[in-house]
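Asks: One file: model13.pdb (PDB, C-alpha atoms).
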```pdb
ATOM      1  CA  MET R 130       8.878  15.950  -9.356  1.00  0.00           C
ATOM      2  CA  ASP R 131       9.065  14.922  -5.696  1.00  0.00           C
ATOM      3  CA  ASN R 132       7.934  11.503  -4.448  1.00  0.00           C
ATOM      4  CA  ARG R 133       4.745  12.876  -2.931  1.00  0.00           C
ATOM      5  CA  LEU R 134       3.510  14.188  -6.276  1.00  0.00           C
ATOM      6  CA  ARG R 135       4.599  11.001  -8.083  1.00  0.00           C
ATOM      7  CA  VAL R 136       2.434   8.816  -5.861  1.00  0.00           C
ATOM      8  CA  GLN R 137      -0.651  11.049  -5.752  1.00  0.00           C
ATOM      9  CA  LYS R 138      -1.924  10.307  -9.270  1.00  0.00           C
ATOM     10  CA  PRO R 139      -1.648   6.495  -8.990  1.00  0.00           C
ATOM     11  CA  MET R 140      -3.146   6.702  -5.486  1.00  0.00           C
ATOM     12  CA  LYS R 141      -6.184   8.574  -6.838  1.00  0.00           C
ATOM     13  CA  ARG R 142      -6.586   6.039  -9.662  1.00  0.00           C
ATOM     14  CA  PHE R 143      -6.250   3.140  -7.221  1.00  0.00           C
ATOM     15  CA  MET R 144      -8.845   4.574  -4.843  1.00  0.00           C
ATOM     16  CA  ALA R 145     -11.218   5.297  -7.733  1.00  0.00           C
ATOM     17  CA  ALA R 146     -10.863   1.726  -9.046  1.00  0.00           C
ATOM     18  CA  ILE R 147     -11.390   0.107  -5.648  1.00  0.00           C
ATOM     19  CA  SER R 148     -14.850   1.595  -5.031  1.00  0.00           C
ATOM     20  CA  PRO R 149     -16.699  -0.090  -7.906  1.00  0.00           C
ATOM     21  CA  ILE R 150     -14.855  -3.374  -7.315  1.00  0.00           C
ATOM     22  CA  GLY R 151     -15.803  -3.283  -3.643  1.00  0.00           C
ATOM     23  CA  ALA R 152     -19.417  -2.484  -4.530  1.00  0.00           C
ATOM     24  CA  HIS R 153     -19.453  -5.382  -7.016  1.00  0.00           C
ATOM     25  CA  LEU R 154     -18.186  -7.769  -4.341  1.00  0.00           C
ATOM     26  CA  MET R 155     -20.518  -6.438  -1.638  1.00  0.00           C
ATOM     27  CA  ALA R 156     -23.489  -6.924  -3.978  1.00  0.00           C
ATOM     28  CA  GLY R 157     -22.507 -10.562  -4.400  1.00  0.00           C
ATOM     29  CA  LYS R 158     -22.196 -10.210  -8.150  1.00  0.00           C
ATOM     30  CA  PRO R 159     -20.333 -12.940 -10.030  1.00  0.00           C
ATOM     31  CA  LEU R 160     -16.620 -13.027 -10.799  1.00  0.00           C
ATOM     32  CA  THR R 161     -14.693 -15.432 -12.943  1.00  0.00           C
ATOM     33  CA  ASP R 162     -11.994 -17.501 -11.261  1.00  0.00           C
ATOM     34  CA  VAL R 163      -9.370 -15.404 -13.045  1.00  0.00           C
ATOM     35  CA  GLU R 164     -10.932 -12.141 -11.811  1.00  0.00           C
ATOM     36  CA  LEU R 165     -11.099 -13.438  -8.247  1.00  0.00           C
ATOM     37  CA  ASP R 166      -7.496 -14.679  -8.362  1.00  0.00           C
ATOM     38  CA  SER R 167      -6.357 -11.351  -9.802  1.00  0.00           C
ATOM     39  CA  ILE R 168      -8.074  -9.393  -7.040  1.00  0.00           C
ATOM     40  CA  VAL R 169      -6.740 -11.679  -4.303  1.00  0.00           C
ATOM     41  CA  ASN R 170      -3.176 -11.644  -5.674  1.00  0.00           C
ATOM     42  CA  THR R 171      -3.199  -7.864  -6.080  1.00  0.00           C
ATOM     43  CA  CYS R 172      -4.424  -7.423  -2.500  1.00  0.00           C
ATOM     44  CA  LEU R 173      -1.747  -9.803  -1.205  1.00  0.00           C
ATOM     45  CA  GLU R 174       0.962  -7.930  -3.135  1.00  0.00           C
ATOM     46  CA  LEU R 175      -0.243  -4.642  -1.696  1.00  0.00           C
ATOM     47  CA  GLN R 176      -0.402  -6.092   1.810  1.00  0.00           C
ATOM     48  CA  THR R 177       3.176  -7.360   1.469  1.00  0.00           C
ATOM     49  CA  ALA R 178       4.353  -3.967   0.216  1.00  0.00           C
ATOM     50  CA  ILE R 179       2.645  -2.246   3.155  1.00  0.00           C
ATOM     51  CA  GLU R 180       4.296  -4.606   5.640  1.00  0.00           C
ATOM     52  CA  VAL R 181       7.733  -3.995   4.090  1.00  0.00           C
ATOM     53  CA  TRP R 182       7.105  -0.237   4.127  1.00  0.00           C
ATOM     54  CA  ARG R 183       6.073  -0.350   7.793  1.00  0.00           C
ATOM     55  CA  ARG R 184       9.165  -2.326   8.781  1.00  0.00           C
ATOM     56  CA  LYS R 185      11.453   0.046   6.902  1.00  0.00           C
ATOM     57  CA  LYS R 186       9.697   3.068   8.381  1.00  0.00           C
ATOM     58  CA  CYS R 187      10.006   1.601  11.882  1.00  0.00           C
ATOM     59  CA  LEU R 188      13.693   0.755  11.377  1.00  0.00           C
ATOM     60  CA  LEU R 189      14.435   4.224   9.995  1.00  0.00           C
ATOM     61  CA  SER R 190      12.627   5.773  12.936  1.00  0.00           C
ATOM     62  CA  LYS R 191      14.669   3.708  15.411  1.00  0.00           C
ATOM     63  CA  VAL R 192      17.942   4.551  13.631  1.00  0.00           C
ATOM     64  CA  SER R 193      17.080   8.263  13.674  1.00  0.00           C
ATOM     65  CA  ARG R 194      16.285   8.160  17.384  1.00  0.00           C
ATOM     66  CA  ARG R 195      19.519   6.281  18.155  1.00  0.00           C
ATOM     67  CA  SER R 196      21.568   8.763  16.138  1.00  0.00           C
ATOM     68  CA  PHE R 197      19.924  11.631  17.979  1.00  0.00           C
ATOM     69  CA  VAL R 198      20.521  10.038  21.400  1.00  0.00           C
ATOM     70  CA  LYS R 199      24.161   9.220  20.591  1.00  0.00           C
ATOM     71  CA  GLY R 200      24.759  12.782  19.446  1.00  0.00           C
ATOM     72  CA  SER R 201      23.643  14.282  22.753  1.00  0.00           C
TER      73      SER R 201
END
```
Rewrite the coordinates I just gave you, this time as structure tokens.
Replies:
Amino acid sequence: MDNRLRVQKPMKRFMAAISPIGAHLMAGKPLTDVELDSIVNTCLELQTAIEVWRRKKCLLSKVSRRSFVKGS
């Protein structure tokens, strides 16, 4: 199974789970301290992963362009 297919199912589950949580928060409904901490920590982990992914993607893009320019 290629990487694209491997990420699609968890991505769909993640997006489906986010909607009711967002609606709960937007409605100002209560959360326990543990629930709030869990949401905040999960968001921070995801934000960190996105930043790492962006840096790697940018570095790979720069390396590819350099390789292409050197080869010409």
Asks: Might you pull out every residue within 12 Å of stretch 166-175 of chain R, with only C-alpha atoms counted and same-chain residues fewer than 4 positions away left off, and present them as a list of chain:residue names?
Replies: R:Phe143, R:Ala146, R:Ile147, R:Ile150, R:Gly151, R:Leu154, R:Leu160, R:Thr161, R:Asp162, R:Ile179, R:Glu180, R:Val181, R:Trp182
Asks: How many Å separate atom CA of R:His153 from atom CA of R:Lys138?
Replies: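 Spanning atom CA of R:His153 to atom CA of R:Lys138 is a straight-line distance of 23.6 Å.
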Asks: In Å to one decimal, how far is atom CA of R:Met140 from atom CA of R:Val192?
Replies: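 Atom CA of R:Met140 lies at a distance of 28.5 Å from atom CA of R:Val192.
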Asks: Taking all atoms of stretch 167-176 of chain R that the file lists, what box with edges along x, y and z, padded by 3 Å per side, do you get, with centre and edge lengths in Å to one decimal, as lines of an AutoDock Vina configuration file?
Replies:
```
center_x = -3.6
center_y = -8.2
center_z = -4.0
size_x = 15.0
size_y = 13.0
size_z = 17.6
```
Asks: Have a look at atom CA of R:Leu165 and atom CA of R:Ala152 and let me know their distance in Å, one decimal.
Replies: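 Distance between the two atoms: 14.2 Å.
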Asks: How about completing stretch 130-141 of chain R with all heavy atoms and giving it to me as a CSV table (one decimal), in the coordinates of the input?
Replies:
```csv
chain,number,residue,atom,x,y,z
R,130,MET,N,10.1,16.2,-10.1
R,130,MET,CA,8.9,16.0,-9.4
R,130,MET,C,9.2,15.2,-8.1
R,130,MET,O,9.9,14.2,-8.1
R,130,MET,CB,7.9,15.2,-10.2
R,130,MET,CG,6.6,15.0,-9.6
R,130,MET,SD,5.4,13.9,-10.6
R,130,MET,CE,5.3,14.8,-12.1
R,131,ASP,N,8.7,15.6,-6.9
R,131,ASP,CA,9.1,14.9,-5.7
R,131,ASP,C,8.2,13.7,-5.5
R,131,ASP,O,7.2,13.5,-6.2
R,131,ASP,CB,9.0,15.8,-4.5
R,131,ASP,CG,7.6,16.1,-4.0
R,131,ASP,OD1,6.6,15.6,-4.6
R,131,ASP,OD2,7.5,16.8,-2.9
R,132,ASN,N,8.6,12.8,-4.6
R,132,ASN,CA,7.9,11.5,-4.4
R,132,ASN,C,6.5,11.7,-4.1
R,132,ASN,O,5.6,10.8,-4.5
R,132,ASN,CB,8.6,10.7,-3.4
R,132,ASN,CG,9.9,10.1,-3.9
R,132,ASN,OD1,10.1,9.9,-5.1
R,132,ASN,ND2,10.8,9.8,-2.9
R,133,ARG,N,6.1,12.7,-3.3
R,133,ARG,CA,4.7,12.9,-2.9
R,133,ARG,C,3.8,13.1,-4.1
R,133,ARG,O,2.8,12.5,-4.3
R,133,ARG,CB,4.7,14.1,-2.0
R,133,ARG,CG,3.3,14.4,-1.4
R,133,ARG,CD,3.2,13.6,-0.1
R,133,ARG,NE,1.9,13.9,0.4
R,133,ARG,CZ,1.0,13.0,0.6
R,133,ARG,NH1,1.3,11.7,0.5
R,133,ARG,NH2,-0.2,13.3,1.1
R,134,LEU,N,4.3,13.9,-5.1
R,134,LEU,CA,3.5,14.2,-6.3
R,134,LEU,C,3.5,13.0,-7.2
R,134,LEU,O,2.4,12.7,-7.8
R,134,LEU,CB,4.1,15.4,-7.0
R,134,LEU,CG,4.0,16.7,-6.3
R,134,LEU,CD1,4.7,17.8,-7.2
R,134,LEU,CD2,2.5,17.1,-6.1
R,135,ARG,N,4.6,12.2,-7.2
R,135,ARG,CA,4.6,11.0,-8.1
R,135,ARG,C,3.6,9.9,-7.6
R,135,ARG,O,3.1,9.2,-8.5
R,135,ARG,CB,6.0,10.4,-8.1
R,135,ARG,CG,6.8,10.7,-9.3
R,135,ARG,CD,8.1,10.0,-9.3
R,135,ARG,NE,9.0,11.0,-8.9
R,135,ARG,CZ,10.2,10.8,-8.4
R,135,ARG,NH1,10.6,9.6,-8.3
R,135,ARG,NH2,11.0,11.8,-8.0
R,136,VAL,N,3.3,9.9,-6.4
R,136,VAL,CA,2.4,8.8,-5.9
R,136,VAL,C,1.0,9.3,-5.8
R,136,VAL,O,0.1,8.4,-5.8
R,136,VAL,CB,2.9,8.3,-4.5
R,136,VAL,CG1,2.5,9.3,-3.4
R,136,VAL,CG2,2.4,7.0,-4.2
R,137,GLN,N,0.7,10.5,-5.9
R,137,GLN,CA,-0.7,11.0,-5.8
R,137,GLN,C,-1.6,10.6,-6.9
R,137,GLN,O,-2.7,10.2,-6.7
R,137,GLN,CB,-0.7,12.6,-5.6
R,137,GLN,CG,-0.3,13.1,-4.3
R,137,GLN,CD,-0.2,14.6,-4.2
R,137,GLN,OE1,-0.3,15.3,-5.2
R,137,GLN,NE2,-0.1,15.1,-3.0
R,138,LYS,N,-1.1,10.7,-8.1
R,138,LYS,CA,-1.9,10.3,-9.3
R,138,LYS,C,-2.3,8.8,-9.2
R,138,LYS,O,-3.4,8.5,-9.4
R,138,LYS,CB,-1.2,10.7,-10.6
R,138,LYS,CG,-2.1,10.8,-11.7
R,138,LYS,CD,-1.4,11.3,-13.0
R,138,LYS,CE,-2.3,12.1,-13.8
R,138,LYS,NZ,-1.7,12.7,-14.9
R,139,PRO,N,-1.3,7.9,-9.1
R,139,PRO,CA,-1.6,6.5,-9.0
R,139,PRO,C,-2.5,6.2,-7.8
R,139,PRO,O,-3.4,5.3,-7.8
R,139,PRO,CB,-0.3,5.8,-8.9
R,139,PRO,CG,0.7,6.7,-9.3
R,139,PRO,CD,0.2,8.1,-9.1
R,140,MET,N,-2.3,6.9,-6.7
R,140,MET,CA,-3.1,6.7,-5.5
R,140,MET,C,-4.6,7.1,-5.8
R,140,MET,O,-5.5,6.3,-5.4
R,140,MET,CB,-2.6,7.6,-4.3
R,140,MET,CG,-3.4,7.4,-3.1
R,140,MET,SD,-3.2,5.8,-2.2
R,140,MET,CE,-1.5,6.1,-1.6
R,141,LYS,N,-4.8,8.2,-6.5
R,141,LYS,CA,-6.2,8.6,-6.8
R,141,LYS,C,-6.8,7.5,-7.8
R,141,LYS,O,-8.0,7.2,-7.6
R,141,LYS,CB,-6.2,9.9,-7.5
R,141,LYS,CG,-5.9,11.1,-6.5
R,141,LYS,CD,-5.9,12.4,-7.2
R,141,LYS,CE,-5.5,13.5,-6.3
R,141,LYS,NZ,-5.4,14.8,-6.9
```
